Amino acid sequence: MSNEAEIKARFWKELKSERTIMIGIDGEPGGGMQPMTALVEEDDGGPLWIFTSKETELARAVGAGKRAHATFTGKKHDLFANVMGRLSLDTDRAVIDRLWNPWIAAWFEGGKDDPRLALLRFDADSAKIWLNATSLGAAIEWLLRRDPKESYKDKVAEVAL
């Protein structure tokens, strides 16, 4: 049986491993959703850090603490999340130095001092997380005419992040 703490821990673990999210700013046309790589430093949360170009729609639309939302799907499609929080531009050189890696460097010819470089900070405050309850066990329950909704009730969590 899953509980909120286990679901939340699994979310952070999978996000830290997979890193790809769809993120957009609330109120933007079409949600402004776009795929981005989010770096997470802590196993139990913390801000999501996104390196991008100042020329992207997302970076241009960011204002101080704008509300944003992100969606995440685990690699095996067995975890889904809708995450809400605040998105802002961050200029902390210590964070840039700490998170810089060859994959980020490949996008910025000028390195850490590239004038196009933008570091976004997403401070998640809440999420709804679903675990995929479809499994052999769920199929057996269905065959035994048990209520399939019972398999899902402990696989959804609304959590504070």
# chains A, B, ... in the order shown; residues from 1 in each chain; ligands from 1
call {"tool": "select_by_dssp", "arguments": {"residues": "chain A", "states": "helix (DSSP H, G or I)", "output": "MDAnalysis selection string"}}
result
chainID A and resid 4:18 29:32 57:61 93:99 102:105 111:113 136:143 149:152
call {"tool": "residues_around", "arguments": {"residues": "Gly111 (chain A)", "least_positions_apart": "6", "cutoff": "10 Å", "atoms": "only C-alpha atoms", "output": "PyMOL selection string"}}
result
chain A and resi 100+102+104-105+117
call {"tool": "write_last_selection", "arguments": {"atoms": "C-alpha atoms", "output": "tab-separated table (two decimals), in the first residue's frame"}}
result
chain	number	residue	atom	x	y	z
A	100	TRP	CA	27.27	23.35	-14.71
A	102	PRO	CA	29.05	19.16	-20.22
A	104	ILE	CA	24.64	22.38	-20.38
A	105	ALA	CA	27.94	23.64	-21.77
A	117	LEU	CA	22.43	32.02	-20.55
call {"tool": "residues_around", "arguments": {"residues": "region 63-77 of chain A", "least_positions_apart": "3", "cutoff": "8 Å", "atoms": "only C-alpha atoms", "output": "PyMOL selection string"}}
result
chain A and resi 14-15+18+20-26+33+80-89+122+132
call {"tool": "atom_distance", "arguments": {"atom1": "CA of Asp125 (chain A)", "atom2": "CA of Ser53 (chain A)"}}
result
24.9 Å
call {"tool": "atom_distance", "arguments": {"atom1": "CA of Val159 (chain A)", "atom2": "CA of Lys128 (chain A)"}}
result
6.4 Å
call {"tool": "residues_around", "arguments": {"residues": "Trp49 (chain A)", "least_positions_apart": "5", "cutoff": "9 Å", "atoms": "only C-alpha atoms", "output": "mmCIF file with N, CA, C and O atoms, in the first residue's frame"}}
result
data_model
loop_
_atom_site.group_PDB
_atom_site.id
_atom_site.type_symbol
_atom_site.label_atom_id
_atom_site.label_comp_id
_atom_site.auth_asym_id
_atom_site.auth_seq_id
_atom_site.Cartn_x
_atom_site.Cartn_y
_atom_site.Cartn_z
ATOM 1 N N THR A 37 14.794 20.511 -19.208
ATOM 2 C CA THR A 37 15.525 19.646 -18.295
ATOM 3 C C THR A 37 15.600 20.356 -16.949
ATOM 4 O O THR A 37 16.083 21.481 -16.870
ATOM 5 N N ALA A 38 15.103 19.693 -15.924
ATOM 6 C CA ALA A 38 15.086 20.268 -14.577
ATOM 7 C C ALA A 38 16.089 19.520 -13.709
ATOM 8 O O ALA A 38 16.070 18.297 -13.633
ATOM 9 N N LEU A 39 16.964 20.248 -13.083
ATOM 10 C CA LEU A 39 17.945 19.655 -12.182
ATOM 11 C C LEU A 39 17.463 19.796 -10.752
ATOM 12 O O LEU A 39 17.034 20.872 -10.332
ATOM 13 N N VAL A 40 17.519 18.699 -10.015
ATOM 14 C CA VAL A 40 17.122 18.665 -8.611
ATOM 15 C C VAL A 40 18.353 18.257 -7.817
ATOM 16 O O VAL A 40 18.972 17.233 -8.116
ATOM 17 N N GLU A 41 18.709 19.031 -6.815
ATOM 18 C CA GLU A 41 19.904 18.726 -6.040
ATOM 19 C C GLU A 41 19.638 17.809 -4.856
ATOM 20 O O GLU A 41 20.476 17.004 -4.492
ATOM 21 N N VAL A 95 25.207 28.876 -7.933
ATOM 22 C CA VAL A 95 24.335 27.803 -8.419
ATOM 23 C C VAL A 95 24.759 27.396 -9.828
ATOM 24 O O VAL A 95 24.853 26.207 -10.145
ATOM 25 N N LEU A 99 26.005 23.563 -10.708
ATOM 26 C CA LEU A 99 25.215 22.693 -11.572
ATOM 27 C C LEU A 99 25.768 22.534 -12.982
ATOM 28 O O LEU A 99 25.320 21.676 -13.737
ATOM 29 N N LEU A 119 19.211 31.183 -16.062
ATOM 30 C CA LEU A 119 18.959 30.138 -15.079
ATOM 31 C C LEU A 119 17.595 30.428 -14.452
ATOM 32 O O LEU A 119 17.371 31.492 -13.890
ATOM 33 N N LEU A 120 16.684 29.461 -14.604
ATOM 34 C CA LEU A 120 15.352 29.606 -14.028
ATOM 35 C C LEU A 120 15.261 28.771 -12.764
ATOM 36 O O LEU A 120 15.815 27.678 -12.688
ATOM 37 N N ARG A 121 14.542 29.289 -11.801
ATOM 38 C CA ARG A 121 14.321 28.590 -10.538
ATOM 39 C C ARG A 121 12.818 28.351 -10.394
ATOM 40 O O ARG A 121 12.025 29.302 -10.434
ATOM 41 N N PHE A 122 12.456 27.081 -10.252
ATOM 42 C CA PHE A 122 11.050 26.713 -10.047
ATOM 43 C C PHE A 122 10.909 26.209 -8.626
ATOM 44 O O PHE A 122 11.452 25.168 -8.269
ATOM 45 N N ASP A 123 10.220 26.990 -7.797
ATOM 46 C CA ASP A 123 9.948 26.609 -6.417
ATOM 47 C C ASP A 123 8.566 25.968 -6.365
ATOM 48 O O ASP A 123 7.546 26.666 -6.358
#
call {"tool": "select_by_dssp", "arguments": {"residues": "region 69-139 of chain A", "states": "strand (DSSP E or B)", "output": "VMD selection string"}}
result
chain A and resid 69 to 73 79 to 90 117 to 131
call {"tool": "residues_around", "arguments": {"residues": "Ala5 (chain A)", "least_positions_apart": "6", "cutoff": "12 Å", "atoms": "only C-alpha atoms", "output": "MDAnalysis selection string"}}
result
chainID A and resid 11:12 44 129 154:161
call {"tool": "atom_distance", "arguments": {"atom1": "CA of Glu28 (chain A)", "atom2": "CA of Trp130 (chain A)"}}
result
25.6 Å
call {"tool": "closest_residue", "arguments": {"among": "A:Glu42, A:Arg98, A:Arg93, A:Gln34", "to": "Glu57 (chain A)", "atoms": "only C-alpha atoms"}}
result
A:Gln34
